[in-house]
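Enquirer: This one is entry_2.cif, mmCIF, C-alpha atoms.
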```
data_target
#
loop_
_atom_site.label_atom_id
_atom_site.label_comp_id
_atom_site.auth_asym_id
_atom_site.auth_seq_id
_atom_site.Cartn_x
_atom_site.Cartn_y
_atom_site.Cartn_z
CA MET A 1 30.45 20.41 -32.40
CA LEU A 2 28.23 17.41 -31.73
CA ASP A 3 29.17 15.50 -34.84
CA ILE A 4 28.21 12.08 -33.61
CA THR A 5 29.58 9.09 -35.50
CA PRO A 6 27.50 5.96 -36.19
CA THR A 7 29.57 3.96 -33.68
CA GLU A 8 28.85 6.54 -31.03
CA TRP A 9 25.15 6.50 -31.88
CA THR A 10 25.16 2.75 -31.53
CA ALA A 11 26.67 3.05 -28.08
CA ILE A 12 24.18 5.73 -27.03
CA LEU A 13 21.14 3.79 -28.24
CA LEU A 14 22.47 0.60 -26.71
CA SER A 15 22.97 2.33 -23.36
CA LEU A 16 19.42 3.64 -23.43
CA ARG A 17 18.03 0.26 -24.42
CA VAL A 18 20.04 -1.56 -21.74
CA ALA A 19 19.05 0.89 -19.02
CA VAL A 20 15.36 1.02 -19.98
CA ILE A 21 15.04 -2.77 -20.20
CA ALA A 22 17.00 -3.26 -16.97
CA THR A 23 14.74 -0.80 -15.14
CA LEU A 24 11.47 -2.11 -16.55
CA VAL A 25 12.31 -5.75 -15.86
CA ALA A 26 13.70 -5.04 -12.39
CA THR A 27 10.78 -2.86 -11.23
CA PRO A 28 8.14 -5.58 -10.63
CA PHE A 29 10.71 -7.66 -8.73
CA GLY A 30 11.78 -4.54 -6.87
CA ILE A 31 8.19 -3.77 -5.84
CA ALA A 32 7.57 -7.35 -4.71
CA LEU A 33 10.76 -7.45 -2.69
CA ALA A 34 10.22 -3.96 -1.26
CA TRP A 35 6.76 -5.03 -0.11
CA LEU A 36 8.13 -8.18 1.52
CA LEU A 37 10.82 -6.22 3.33
CA ALA A 38 8.41 -3.48 4.37
CA ARG A 39 5.42 -5.55 5.42
CA ARG A 40 6.40 -9.10 6.27
CA GLU A 41 8.48 -10.65 9.01
CA PHE A 42 10.18 -13.85 7.92
CA TRP A 43 13.12 -15.96 8.83
CA GLY A 44 16.31 -14.73 7.16
CA LYS A 45 14.91 -11.29 6.38
CA SER A 46 18.12 -9.52 7.37
CA VAL A 47 20.09 -11.86 5.11
CA VAL A 48 17.80 -11.09 2.17
CA ASP A 49 18.14 -7.39 2.93
CA ALA A 50 21.94 -7.70 2.99
CA VAL A 51 22.05 -9.66 -0.27
CA VAL A 52 19.93 -7.00 -2.00
CA HIS A 53 22.38 -4.31 -0.90
CA LEU A 54 25.48 -6.33 -1.75
CA PRO A 55 25.99 -4.87 -5.26
CA LEU A 56 26.15 -1.45 -3.63
CA VAL A 57 29.14 -2.35 -1.45
CA LEU A 58 30.96 -5.00 -3.49
CA PRO A 59 33.46 -3.81 -6.09
CA PRO A 60 31.49 -3.88 -9.37
CA VAL A 61 34.17 -6.15 -10.86
CA VAL A 62 33.32 -8.73 -8.20
CA THR A 63 29.62 -8.58 -9.03
CA GLY A 64 30.45 -8.90 -12.74
CA TYR A 65 32.74 -11.81 -12.09
CA LEU A 66 30.13 -13.56 -9.94
CA LEU A 67 27.63 -13.10 -12.76
CA LEU A 68 30.14 -14.59 -15.17
CA LEU A 69 30.70 -17.56 -12.86
CA THR A 70 27.00 -18.28 -12.45
CA LEU A 71 25.45 -17.07 -15.71
CA GLY A 72 28.39 -17.32 -18.12
CA ARG A 73 28.29 -20.01 -20.79
CA ARG A 74 30.08 -22.44 -18.52
CA GLY A 75 28.49 -21.13 -15.36
CA LEU A 76 26.21 -23.33 -13.29
CA VAL A 77 22.98 -21.60 -14.25
CA GLY A 78 24.26 -20.16 -17.54
CA ALA A 79 25.11 -23.57 -19.04
CA TRP A 80 21.69 -24.93 -18.11
CA LEU A 81 19.88 -21.90 -19.54
CA ALA A 82 21.85 -22.13 -22.79
CA ASP A 83 21.36 -25.90 -23.18
CA HIS A 84 17.69 -26.10 -22.22
CA LEU A 85 16.18 -22.74 -23.06
CA GLY A 86 18.67 -21.30 -25.52
CA ILE A 87 19.08 -18.21 -23.33
CA VAL A 88 22.58 -16.75 -23.32
CA PHE A 89 23.59 -13.68 -21.31
CA ALA A 90 27.36 -13.72 -21.63
CA PHE A 91 28.72 -11.23 -24.19
CA ARG A 92 25.20 -10.20 -25.25
CA TRP A 93 23.37 -6.93 -24.71
CA THR A 94 20.85 -8.86 -22.60
CA GLY A 95 23.76 -9.70 -20.31
CA ALA A 96 24.56 -6.00 -20.09
CA ALA A 97 20.96 -5.33 -19.11
CA LEU A 98 21.15 -8.08 -16.49
CA ALA A 99 24.37 -6.70 -15.03
CA CYS A 100 22.88 -3.19 -14.94
CA GLY A 101 19.68 -4.52 -13.39
CA VAL A 102 21.58 -6.29 -10.63
CA MET A 103 23.81 -3.29 -9.96
CA SER A 104 20.91 -0.84 -9.82
CA PHE A 105 18.58 -3.12 -7.83
CA PRO A 106 19.48 -1.81 -4.35
CA LEU A 107 18.89 1.77 -5.50
CA LEU A 108 15.58 0.76 -7.03
CA VAL A 109 14.32 -1.16 -4.00
CA ARG A 110 15.18 1.31 -1.27
CA PRO A 111 12.86 4.24 -2.12
CA ILE A 112 10.04 1.82 -2.94
CA ARG A 113 10.45 0.10 0.39
CA LEU A 114 10.48 3.41 2.25
CA SER A 115 7.36 4.60 0.46
CA ILE A 116 5.50 1.34 1.15
CA GLU A 117 6.50 1.60 4.81
CA ALA A 118 5.09 5.12 4.82
CA VAL A 119 1.66 4.02 3.53
CA ASP A 120 -0.78 4.29 6.43
CA ARG A 121 -1.79 0.75 7.33
CA ARG A 122 -5.02 2.06 8.77
CA LEU A 123 -6.06 2.95 5.22
CA GLU A 124 -5.36 -0.64 4.20
CA GLN A 125 -7.51 -1.85 7.10
CA ALA A 126 -10.29 0.49 6.02
CA ALA A 127 -10.08 -0.98 2.52
CA SER A 128 -10.36 -4.52 3.85
CA THR A 129 -13.49 -3.68 5.88
CA LEU A 130 -14.96 -2.35 2.63
CA GLY A 131 -14.54 -5.77 1.05
CA ALA A 132 -11.13 -5.53 -0.62
CA ALA A 133 -9.17 -8.79 -0.66
CA PRO A 134 -5.45 -8.42 0.19
CA TRP A 135 -4.23 -8.18 -3.41
CA ARG A 136 -6.87 -5.57 -4.21
CA VAL A 137 -5.87 -3.60 -1.12
CA PHE A 138 -2.37 -3.70 -2.57
CA THR A 139 -3.35 -2.59 -6.09
CA THR A 140 -5.96 0.02 -5.12
CA VAL A 141 -4.44 1.54 -1.97
CA THR A 142 -0.82 0.57 -1.26
CA LEU A 143 0.52 0.81 -4.80
CA PRO A 144 -1.04 4.16 -5.77
CA LEU A 145 0.00 5.70 -2.46
CA ALA A 146 3.56 4.42 -2.91
CA LEU A 147 3.74 5.73 -6.48
CA PRO A 148 6.09 8.67 -5.86
CA GLY A 149 8.57 6.30 -4.23
CA ILE A 150 8.24 3.80 -7.06
CA LEU A 151 8.98 6.51 -9.62
CA ALA A 152 11.92 7.75 -7.57
CA GLY A 153 13.28 4.20 -7.36
CA MET A 154 12.88 3.70 -11.09
CA VAL A 155 14.74 6.91 -11.88
CA LEU A 156 17.56 6.14 -9.48
CA GLY A 157 17.77 2.63 -10.90
CA PHE A 158 17.78 3.96 -14.45
CA ALA A 159 20.49 6.49 -13.63
CA LYS A 160 22.64 3.79 -12.06
CA ALA A 161 21.98 1.40 -14.97
CA ILE A 162 22.93 3.90 -17.64
CA GLY A 163 26.21 4.70 -15.93
CA GLU A 164 27.11 1.16 -14.93
CA PHE A 165 30.56 0.13 -16.03
CA GLY A 166 32.53 -2.32 -13.91
CA ALA A 167 30.12 -5.23 -13.68
CA THR A 168 29.01 -4.83 -17.29
CA ILE A 169 32.49 -4.83 -18.81
CA THR A 170 33.49 -7.80 -16.62
CA PHE A 171 30.45 -9.86 -17.48
CA VAL A 172 29.82 -9.03 -21.14
CA SER A 173 33.07 -7.32 -22.20
CA ASN A 174 33.19 -4.31 -24.52
CA ILE A 175 31.93 -5.39 -27.94
CA PRO A 176 30.93 -2.48 -30.22
CA GLY A 177 27.33 -2.89 -31.36
CA GLU A 178 26.55 -5.62 -28.86
CA THR A 179 27.72 -4.70 -25.38
CA GLN A 180 29.53 -1.41 -25.77
CA THR A 181 27.54 1.14 -23.77
CA ILE A 182 28.39 4.83 -23.42
CA SER A 183 30.57 4.12 -20.40
CA SER A 184 32.58 1.37 -22.04
CA ALA A 185 32.85 3.40 -25.26
CA ILE A 186 34.28 6.34 -23.29
CA TYR A 187 36.65 3.97 -21.54
CA ALA A 188 37.82 2.58 -24.91
CA LEU A 189 38.13 6.08 -26.42
CA ILE A 190 40.25 7.58 -23.68
CA SER A 191 42.75 4.77 -23.96
CA THR A 192 42.99 5.47 -27.74
CA PRO A 193 45.49 8.23 -28.80
CA ALA A 194 43.04 10.33 -30.88
CA GLY A 195 39.90 9.51 -28.95
CA ASP A 196 39.60 12.63 -26.77
CA ALA A 197 37.12 14.57 -28.92
CA ALA A 198 34.82 11.57 -29.31
CA ALA A 199 35.09 10.82 -25.61
CA MET A 200 34.12 14.42 -24.84
CA ARG A 201 31.04 14.17 -27.06
CA LEU A 202 29.90 11.08 -25.19
CA VAL A 203 30.61 12.74 -21.87
CA LEU A 204 28.36 15.66 -22.86
CA ILE A 205 25.65 13.25 -23.94
CA SER A 206 25.92 11.39 -20.63
CA ILE A 207 25.48 14.64 -18.76
CA THR A 208 22.45 15.55 -20.89
CA ILE A 209 20.77 12.18 -20.31
CA ALA A 210 21.45 12.39 -16.57
CA PHE A 211 19.97 15.90 -16.36
CA ALA A 212 16.91 14.95 -18.37
CA ALA A 213 16.31 11.93 -16.13
CA LEU A 214 16.64 13.95 -12.94
CA ILE A 215 14.41 16.78 -14.12
CA GLY A 216 11.84 14.32 -15.45
CA ALA A 217 11.88 12.45 -12.15
CA GLU A 218 11.38 15.63 -10.17
CA TRP A 219 8.42 16.56 -12.33
CA PHE A 220 6.79 13.13 -12.05
CA ALA A 221 7.35 12.99 -8.30
CA ARG A 222 5.80 16.41 -7.80
CA ARG A 223 2.74 15.52 -9.87
CA ALA A 224 2.30 12.20 -8.11
CA THR A 225 2.63 13.80 -4.69
CA GLN A 226 0.07 16.47 -5.57
CA ARG A 227 -2.33 13.82 -6.74
CA LEU A 228 -1.96 11.91 -3.47
CA HIS A 229 -2.42 14.82 -1.17
CA GLY A 230 -5.82 15.52 -2.49
CA ASN A 231 -5.28 18.93 -4.02
CA MET B 1 -28.14 -10.77 16.13
CA LEU B 2 -24.57 -10.35 17.30
CA ARG B 3 -23.02 -12.85 19.68
CA VAL B 4 -19.57 -12.17 21.11
CA ASP B 5 -17.61 -14.24 23.59
CA VAL B 6 -13.91 -13.51 23.31
CA ARG B 7 -10.62 -13.29 25.14
CA LYS B 8 -7.58 -11.41 24.01
CA GLN B 9 -4.28 -10.62 25.66
CA LEU B 10 -2.72 -7.40 24.39
CA GLY B 11 0.55 -6.90 26.23
CA GLU B 12 -0.37 -6.18 29.86
CA PHE B 13 -3.99 -5.62 28.99
CA SER B 14 -6.43 -8.50 29.01
CA LEU B 15 -9.81 -8.29 27.38
CA GLU B 16 -12.53 -10.73 28.26
CA ALA B 17 -15.96 -9.89 26.98
CA ALA B 18 -19.17 -11.76 26.35
CA PHE B 19 -22.49 -10.30 25.27
CA GLN B 20 -25.31 -10.94 22.95
CA SER B 21 -27.20 -8.17 21.32
CA GLU B 22 -30.49 -8.06 19.50
CA GLY B 23 -30.70 -4.32 19.68
CA ARG B 24 -30.62 -2.18 16.60
CA VAL B 25 -27.94 0.02 18.08
CA THR B 26 -25.66 -1.60 20.60
CA GLY B 27 -23.75 1.05 22.50
CA LEU B 28 -20.30 0.06 23.73
CA PHE B 29 -19.65 2.37 26.63
CA GLY B 30 -16.49 2.81 28.67
CA ALA B 31 -13.57 5.06 29.45
CA SER B 32 -10.65 5.17 27.07
CA GLY B 33 -8.46 2.13 27.56
CA ALA B 34 -11.44 -0.04 28.54
CA GLY B 35 -10.95 -2.18 25.44
CA LYS B 36 -13.75 -0.83 23.26
CA THR B 37 -11.70 -0.40 20.11
CA SER B 38 -10.04 -3.81 20.47
CA LEU B 39 -13.47 -5.34 20.79
CA VAL B 40 -14.85 -3.67 17.64
CA ASN B 41 -11.64 -4.56 15.80
CA MET B 42 -12.34 -8.19 16.65
CA ILE B 43 -15.91 -7.92 15.41
CA ALA B 44 -14.57 -6.38 12.18
CA GLY B 45 -12.02 -9.19 11.86
CA LEU B 46 -9.02 -6.83 12.01
CA LEU B 47 -7.95 -8.47 15.26
CA THR B 48 -8.19 -12.21 15.97
CA PRO B 49 -9.32 -13.31 19.44
CA ASP B 50 -6.99 -15.62 21.40
CA ARG B 51 -9.96 -17.66 22.38
CA GLY B 52 -13.69 -17.50 21.77
CA THR B 53 -16.40 -17.03 19.21
CA ILE B 54 -18.07 -14.24 17.29
CA ALA B 55 -21.24 -14.83 15.31
CA LEU B 56 -23.50 -12.54 13.35
CA ASP B 57 -27.03 -13.56 12.39
CA GLY B 58 -26.13 -17.19 13.02
CA GLU B 59 -23.02 -17.10 10.84
CA VAL B 60 -19.83 -17.94 12.70
CA LEU B 61 -17.16 -15.31 12.00
CA ASP B 62 -14.65 -16.45 14.57
CA ASP B 63 -14.38 -19.72 16.39
CA THR B 64 -10.91 -20.35 17.73
CA ALA B 65 -11.74 -23.93 18.76
CA LYS B 66 -12.69 -24.76 15.17
CA ARG B 67 -9.94 -22.55 13.78
CA ILE B 68 -12.44 -20.38 11.98
CA HIS B 69 -11.50 -16.79 11.21
CA VAL B 70 -13.41 -15.07 8.44
CA PRO B 71 -11.15 -12.27 7.12
CA PRO B 72 -12.51 -8.69 7.29
CA TYR B 73 -13.12 -8.43 3.55
CA ARG B 74 -15.52 -11.37 3.62
CA ARG B 75 -17.51 -10.24 6.68
CA ARG B 76 -19.59 -7.50 5.08
CA ILE B 77 -19.30 -5.48 8.25
CA GLY B 78 -18.95 -1.74 7.67
CA TYR B 79 -16.60 0.25 9.88
CA VAL B 80 -16.57 3.97 10.50
CA PHE B 81 -13.33 4.91 12.19
CA GLN B 82 -12.78 7.84 14.49
CA ASP B 83 -10.32 9.28 11.98
CA ALA B 84 -12.50 8.74 8.85
CA ARG B 85 -9.63 7.12 6.91
CA LEU B 86 -10.77 8.29 3.51
CA PHE B 87 -8.46 7.33 0.67
CA PRO B 88 -6.46 10.48 -0.06
CA HIS B 89 -5.75 9.55 -3.69
CA LEU B 90 -9.44 9.18 -4.57
CA ASP B 91 -12.10 11.88 -4.72
CA VAL B 92 -15.28 11.67 -2.65
CA ARG B 93 -17.23 9.94 -5.42
CA GLN B 94 -14.56 7.26 -5.81
CA ASN B 95 -14.31 6.84 -2.04
CA LEU B 96 -18.07 6.29 -1.86
CA ASP B 97 -17.95 3.83 -4.71
CA TYR B 98 -15.00 1.83 -3.32
CA GLY B 99 -16.98 -0.76 -1.35
CA ARG B 100 -19.38 -1.41 -4.21
CA ARG B 101 -16.46 -2.00 -6.59
CA MET B 102 -14.62 -4.30 -4.18
CA ASN B 103 -17.73 -6.36 -3.50
CA ALA B 104 -18.57 -6.43 -7.22
CA LEU B 105 -22.08 -5.16 -6.49
CA ALA B 106 -24.16 -3.78 -9.32
CA ALA B 107 -24.41 0.01 -9.49
CA ASP B 108 -27.39 1.19 -7.48
CA PRO B 109 -28.07 4.84 -8.35
CA ALA B 110 -31.18 4.96 -6.17
CA GLN B 111 -29.27 3.83 -3.09
CA HIS B 112 -26.41 6.17 -3.98
CA LYS B 113 -28.79 9.11 -4.17
CA ARG B 114 -30.53 8.17 -0.95
CA VAL B 115 -27.26 7.98 0.96
CA THR B 116 -25.82 11.18 -0.49
CA ASP B 117 -29.10 12.98 0.31
CA LEU B 118 -29.30 11.49 3.78
CA LEU B 119 -25.80 12.74 4.58
CA ASP B 120 -25.92 15.92 2.45
CA ILE B 121 -22.70 15.04 0.67
CA GLY B 122 -23.94 15.60 -2.89
CA PRO B 123 -22.02 18.89 -3.30
CA LEU B 124 -18.77 17.26 -2.15
CA LEU B 125 -18.62 14.46 -4.73
CA ASP B 126 -15.83 15.91 -6.87
CA ARG B 127 -13.62 17.03 -3.99
CA ARG B 128 -10.58 15.34 -2.56
CA PRO B 129 -10.53 14.32 1.12
CA GLY B 130 -7.73 16.87 1.67
CA LYS B 131 -10.24 19.64 0.88
CA LEU B 132 -12.93 18.54 3.33
CA SER B 133 -13.61 19.71 6.87
CA GLY B 134 -13.53 17.17 9.71
CA GLY B 135 -17.32 16.91 9.79
CA GLU B 136 -17.60 16.50 6.02
CA ARG B 137 -14.93 13.81 6.09
CA GLN B 138 -16.82 11.89 8.75
CA ARG B 139 -20.05 12.11 6.76
CA VAL B 140 -18.31 10.79 3.66
CA ALA B 141 -16.84 7.96 5.73
CA LEU B 142 -20.35 7.10 6.91
CA GLY B 143 -21.62 7.14 3.34
CA ARG B 144 -18.74 5.00 2.15
CA ALA B 145 -19.42 2.36 4.79
CA LEU B 146 -23.17 2.41 4.10
CA LEU B 147 -22.76 2.04 0.34
CA SER B 148 -20.79 -1.19 0.74
CA LYS B 149 -24.17 -2.57 1.95
CA PRO B 150 -22.95 -4.01 5.24
CA ARG B 151 -24.94 -6.37 7.45
CA LEU B 152 -23.70 -4.52 10.50
CA LEU B 153 -22.16 -1.09 10.91
CA LEU B 154 -19.41 -0.53 13.45
CA MET B 155 -18.79 3.03 14.57
CA ASP B 156 -15.80 3.73 16.74
CA GLU B 157 -16.25 7.17 18.33
CA PRO B 158 -17.28 8.70 15.00
CA LEU B 159 -17.65 12.06 16.75
CA GLY B 160 -14.48 11.67 18.77
CA SER B 161 -12.24 13.79 16.58
CA LEU B 162 -14.78 16.60 16.18
CA ASP B 163 -15.31 19.71 18.29
CA GLU B 164 -18.68 20.42 19.94
CA GLY B 165 -20.06 22.37 16.99
CA ARG B 166 -19.25 19.59 14.52
CA LYS B 167 -20.72 16.96 16.84
CA VAL B 168 -24.04 18.76 16.82
CA GLU B 169 -23.74 18.84 13.04
CA ILE B 170 -23.26 15.06 12.68
CA LEU B 171 -25.55 13.73 15.39
CA PRO B 172 -28.80 14.24 13.46
CA TYR B 173 -27.34 12.20 10.58
CA LEU B 174 -26.53 9.37 12.95
CA ILE B 175 -30.09 9.43 14.27
CA ARG B 176 -31.41 9.31 10.71
CA LEU B 177 -29.11 6.40 10.07
CA ARG B 178 -30.34 4.52 13.13
CA ASP B 179 -33.90 5.00 11.93
CA GLU B 180 -32.94 3.44 8.59
CA GLY B 181 -32.84 0.19 10.52
CA ILE B 182 -29.31 -0.98 9.82
CA PRO B 183 -27.89 -2.73 12.91
CA MET B 184 -25.03 -0.83 14.49
CA VAL B 185 -22.44 -1.17 17.18
CA TYR B 186 -21.69 2.31 18.43
CA VAL B 187 -18.62 2.94 20.54
CA SER B 188 -18.44 5.98 22.77
CA HIS B 189 -17.21 7.24 26.10
CA ASP B 190 -19.96 9.86 26.06
CA ALA B 191 -23.09 8.76 27.92
CA ALA B 192 -25.19 11.61 26.53
CA GLU B 193 -24.37 10.58 22.97
CA LEU B 194 -25.33 6.97 23.65
CA ARG B 195 -28.58 7.95 25.36
CA GLN B 196 -29.63 9.59 22.10
CA LEU B 197 -28.57 6.76 19.83
CA ALA B 198 -28.30 3.37 21.47
CA THR B 199 -31.05 0.87 22.16
CA GLN B 200 -28.85 -1.44 24.19
CA ILE B 201 -25.73 -0.80 26.24
CA VAL B 202 -22.66 -2.92 26.89
CA MET B 203 -20.55 -1.30 29.58
CA LEU B 204 -16.83 -2.05 29.57
CA ARG B 205 -14.29 -1.39 32.28
CA ASP B 206 -10.67 -2.55 32.20
CA GLY B 207 -11.41 -5.17 29.59
CA ARG B 208 -14.44 -6.65 31.34
CA VAL B 209 -18.18 -6.24 30.72
CA THR B 210 -19.53 -4.67 33.90
CA SER B 211 -23.15 -4.28 32.89
CA PHE B 212 -25.45 -4.96 30.03
CA GLY B 213 -28.98 -3.86 29.29
CA GLY B 214 -31.15 -0.99 28.16
CA VAL B 215 -30.07 2.64 28.05
CA LYS B 216 -31.03 2.86 31.73
CA VAL B 217 -27.72 1.26 32.73
CA LEU B 218 -26.01 4.51 31.78
CA SER B 219 -27.56 6.34 34.71
#
```
Before we go any further, please render this structure as structure tokens.
Expert:
Amino acid sequence: MLDITPTEWTAILLSLRVAVIATLVATPFGIALAWLLARREFWGKSVVDAVVHLPLVLPPVVTGYLLLLTLGRRGLVGAWLADHLGIVFAFRWTGAALACGVMSFPLLVRPIRLSIEAVDRRLEQAASTLGAAPWRVFTTVTLPLALPGILAGMVLGFAKAIGEFGATITFVSNIPGETQTISSAIYALISTPAGDAAAMRLVLISITIAFAALIGAEWFARRATQRLHGN
Amino acid sequence: MLRVDVRKQLGEFSLEAAFQSEGRVTGLFGASGAGKTSLVNMIAGLLTPDRGTIALDGEVLDDTAKRIHVPPYRRRIGYVFQDARLFPHLDVRQNLDYGRRMNALAADPAQHKRVTDLLDIGPLLDRRPGKLSGGERQRVALGRALLSKPRLLLMDEPLGSLDEGRKVEILPYLIRLRDEGIPMVYVSHDAAELRQLATQIVMLRDGRVTSFGGVKVLS
């Protein structure tokens, strides 16, 4: 039944690549931002918090269009990047990864922020009296203790990234082999007269990937939690 | 020698304390809410005084007039908290080794053995803090602070979270520790405990030092 065509394979592999890259690149930024939001008071914090959550509430098309306006070839930042650094996002798979990264960012940041907030600050104080400079307190105490939340955030982010559709198709279109992910392939197939069977195959594959990610996340989270609770 | 002359406003509570201690074990005595913990937190550098100075062995750690505040991780002052605060993600061995690693000190197996023997924590080395009793946890916390080779050891009610039986279990270790000669500031609201351990007493009430002197001031 699962007689997957090369075009479909391309879409599947591209989806995985886009989602993995989006998650991996977004995670360090997500951790840094989560830490700032959890542990620092600064002017404009609520604005930063709102901006981070914006992709969650805006219609994805709006986010995609904003990306196109800023990072498209003729966009303010996009033109500069293309002229000076030769970096182009528009209509490239890297643009798809960027769109997915932006869309999944709020889901990535939230669990990390909650888990950093939950780290007992008294343990961090204890570390500093033992001679740990602030960044070492972060790497040896805060980060390991926040690990379950970081993994949860990464999985949620990955799940969002792999299913992202609206912003991606708006920003980088639906080019087979370059920007056509599973979602946009399904979209293209169901608007084609004989595309139902192929669409169904991709739907099943989507479900499989989603299940695998959720089960994997559960397993990682349980292991990490066990490790932390000293058993 | 420890010299403290600080003021700190904490909400409604004002702390104003000055003392100078040459004693090996300075006992900070007072009821709960007298400001003992705030005072040790200032000595540790976890809390910054609003005004005043703190100096240890001639080195200025805090001087608000000169805008000096040495952060806790550069003070080399060990701190044993009432609630042990062992790192739950590390086993006992790694907890003990933490201070040495952070201070980039060379491994000192002889010292390590001496401390683990002194506190009888050898058999616990491979366990996680979650699997230790309250008394064991407190002993490991003592060992961890000692092994970071501090110039001064702060102890904030180290027996406070233990029941009577456990207190009796830990007290001899504290006496051994005192006889090792490392200077300590020992916080307690228990006069009997301080009579056994302290060589000098600073009495605190409502954020003020009410008396200072030998153990006699407790009676």
Enquirer: Would you compute the distance between CA of Ala104 in chain B and CA of Ala133 in chain A? Give it in Å to one decimal.
Expert: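 Pair CA of Ala104 in chain B / CA of Ala133 in chain A returns 11.7 Å.
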Enquirer: Determine, using only C-alpha atoms, which residues of chain B have any atom at most 7 Å from an atom of chain A, and tabulate each with its shortest atom pair and distance in Å to one decimal place, rows ordered by chain and then rising number, as JSON lines.
Expert:
```
{"residue": "B:Ala44", "atom": "CA", "partner": "A:Thr129", "partner_atom": "CA", "distance": 6.9}
{"residue": "B:Pro72", "atom": "CA", "partner": "A:Thr129", "partner_atom": "CA", "distance": 5.3}
{"residue": "B:Tyr73", "atom": "CA", "partner": "A:Gly131", "partner_atom": "CA", "distance": 3.9}
{"residue": "B:Arg74", "atom": "CA", "partner": "A:Gly131", "partner_atom": "CA", "distance": 6.2}
{"residue": "B:Arg76", "atom": "CA", "partner": "A:Gly131", "partner_atom": "CA", "distance": 6.7}
{"residue": "B:Ile77", "atom": "CA", "partner": "A:Thr129", "partner_atom": "CA", "distance": 6.5}
{"residue": "B:Gly78", "atom": "CA", "partner": "A:Thr129", "partner_atom": "CA", "distance": 6.1}
{"residue": "B:Tyr79", "atom": "CA", "partner": "A:Thr129", "partner_atom": "CA", "distance": 6.4}
{"residue": "B:Arg85", "atom": "CA", "partner": "A:Leu123", "partner_atom": "CA", "distance": 5.7}
{"residue": "B:Phe87", "atom": "CA", "partner": "A:Leu123", "partner_atom": "CA", "distance": 6.8}
{"residue": "B:Pro88", "atom": "CA", "partner": "A:Gly230", "partner_atom": "CA", "distance": 5.6}
{"residue": "B:His89", "atom": "CA", "partner": "A:Leu228", "partner_atom": "CA", "distance": 4.5}
{"residue": "B:Gly99", "atom": "CA", "partner": "A:Leu130", "partner_atom": "CA", "distance": 4.7}
{"residue": "B:Met102", "atom": "CA", "partner": "A:Ala132", "partner_atom": "CA", "distance": 5.1}
{"residue": "B:Asn103", "atom": "CA", "partner": "A:Gly131", "partner_atom": "CA", "distance": 5.6}
{"residue": "B:Arg128", "atom": "CA", "partner": "A:Gly230", "partner_atom": "CA", "distance": 4.8}
{"residue": "B:Pro129", "atom": "CA", "partner": "A:Gly230", "partner_atom": "CA", "distance": 6.1}
{"residue": "B:Gly130", "atom": "CA", "partner": "A:Gly230", "partner_atom": "CA", "distance": 4.8}
{"residue": "B:Lys131", "atom": "CA", "partner": "A:Gly230", "partner_atom": "CA", "distance": 6.9}
{"residue": "B:Ala145", "atom": "CA", "partner": "A:Leu130", "partner_atom": "CA", "distance": 6.8}
{"residue": "B:Ser148", "atom": "CA", "partner": "A:Leu130", "partner_atom": "CA", "distance": 6.2}
```
Enquirer: Just to confirm, what's the straight-line distance from CA of Ile121 in chain B to CA of Glu136 in chain B in Å (one decimal)?
Expert: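 Going from CA of Ile121 in chain B over to CA of Glu136 in chain B, I get 7.5 Å.
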Enquirer: Quick check on the file I pasted: which residues fall under the PyMOL selection byres ((chain B and resi 11-27) around 9)? Write them as a compact mmCIF listing (two decimals) with C-alpha atoms, keeping the file's coordinate frame.
Expert:
```txt
# COMPACT_ATOMS: atom_id res chain seq x y z
CA MET B 1 -28.14 -10.77 16.13
CA LEU B 2 -24.57 -10.35 17.30
CA ARG B 3 -23.02 -12.85 19.68
CA VAL B 4 -19.57 -12.17 21.11
CA ASP B 5 -17.61 -14.24 23.59
CA VAL B 6 -13.91 -13.51 23.31
CA ARG B 7 -10.62 -13.29 25.14
CA LYS B 8 -7.58 -11.41 24.01
CA GLN B 9 -4.28 -10.62 25.66
CA LEU B 10 -2.72 -7.40 24.39
CA LEU B 28 -20.30 0.06 23.73
CA PHE B 29 -19.65 2.37 26.63
CA ALA B 34 -11.44 -0.04 28.54
CA GLY B 35 -10.95 -2.18 25.44
CA SER B 38 -10.04 -3.81 20.47
CA LEU B 39 -13.47 -5.34 20.79
CA ARG B 178 -30.34 4.52 13.13
CA GLY B 181 -32.84 0.19 10.52
CA ILE B 182 -29.31 -0.98 9.82
CA PRO B 183 -27.89 -2.73 12.91
CA MET B 184 -25.03 -0.83 14.49
CA VAL B 185 -22.44 -1.17 17.18
CA TYR B 186 -21.69 2.31 18.43
CA VAL B 187 -18.62 2.94 20.54
CA SER B 188 -18.44 5.98 22.77
CA LEU B 194 -25.33 6.97 23.65
CA ARG B 195 -28.58 7.95 25.36
CA LEU B 197 -28.57 6.76 19.83
CA ALA B 198 -28.30 3.37 21.47
CA THR B 199 -31.05 0.87 22.16
CA GLN B 200 -28.85 -1.44 24.19
CA ILE B 201 -25.73 -0.80 26.24
CA VAL B 202 -22.66 -2.92 26.89
CA MET B 203 -20.55 -1.30 29.58
CA LEU B 204 -16.83 -2.05 29.57
CA ASP B 206 -10.67 -2.55 32.20
CA GLY B 207 -11.41 -5.17 29.59
CA ARG B 208 -14.44 -6.65 31.34
CA VAL B 209 -18.18 -6.24 30.72
CA PHE B 212 -25.45 -4.96 30.03
CA VAL B 215 -30.07 2.64 28.05
```
Enquirer: To one decimal place in Å, what is the distance between CA of Lys45 in chain A and CA of Ala32 in chain A?
Expert: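 Distance reported for this atom pair: 13.9 Å.
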Enquirer: Give me the residues near Gly166 in chain A as number ranges by chain, where near means some atom within 10 Å (using all atoms listed in the file) and where sequence neighbours in that chain fewer than 6 positions away do not count.
Expert: A: 59-65, 99-100, 103, 173, 183-184
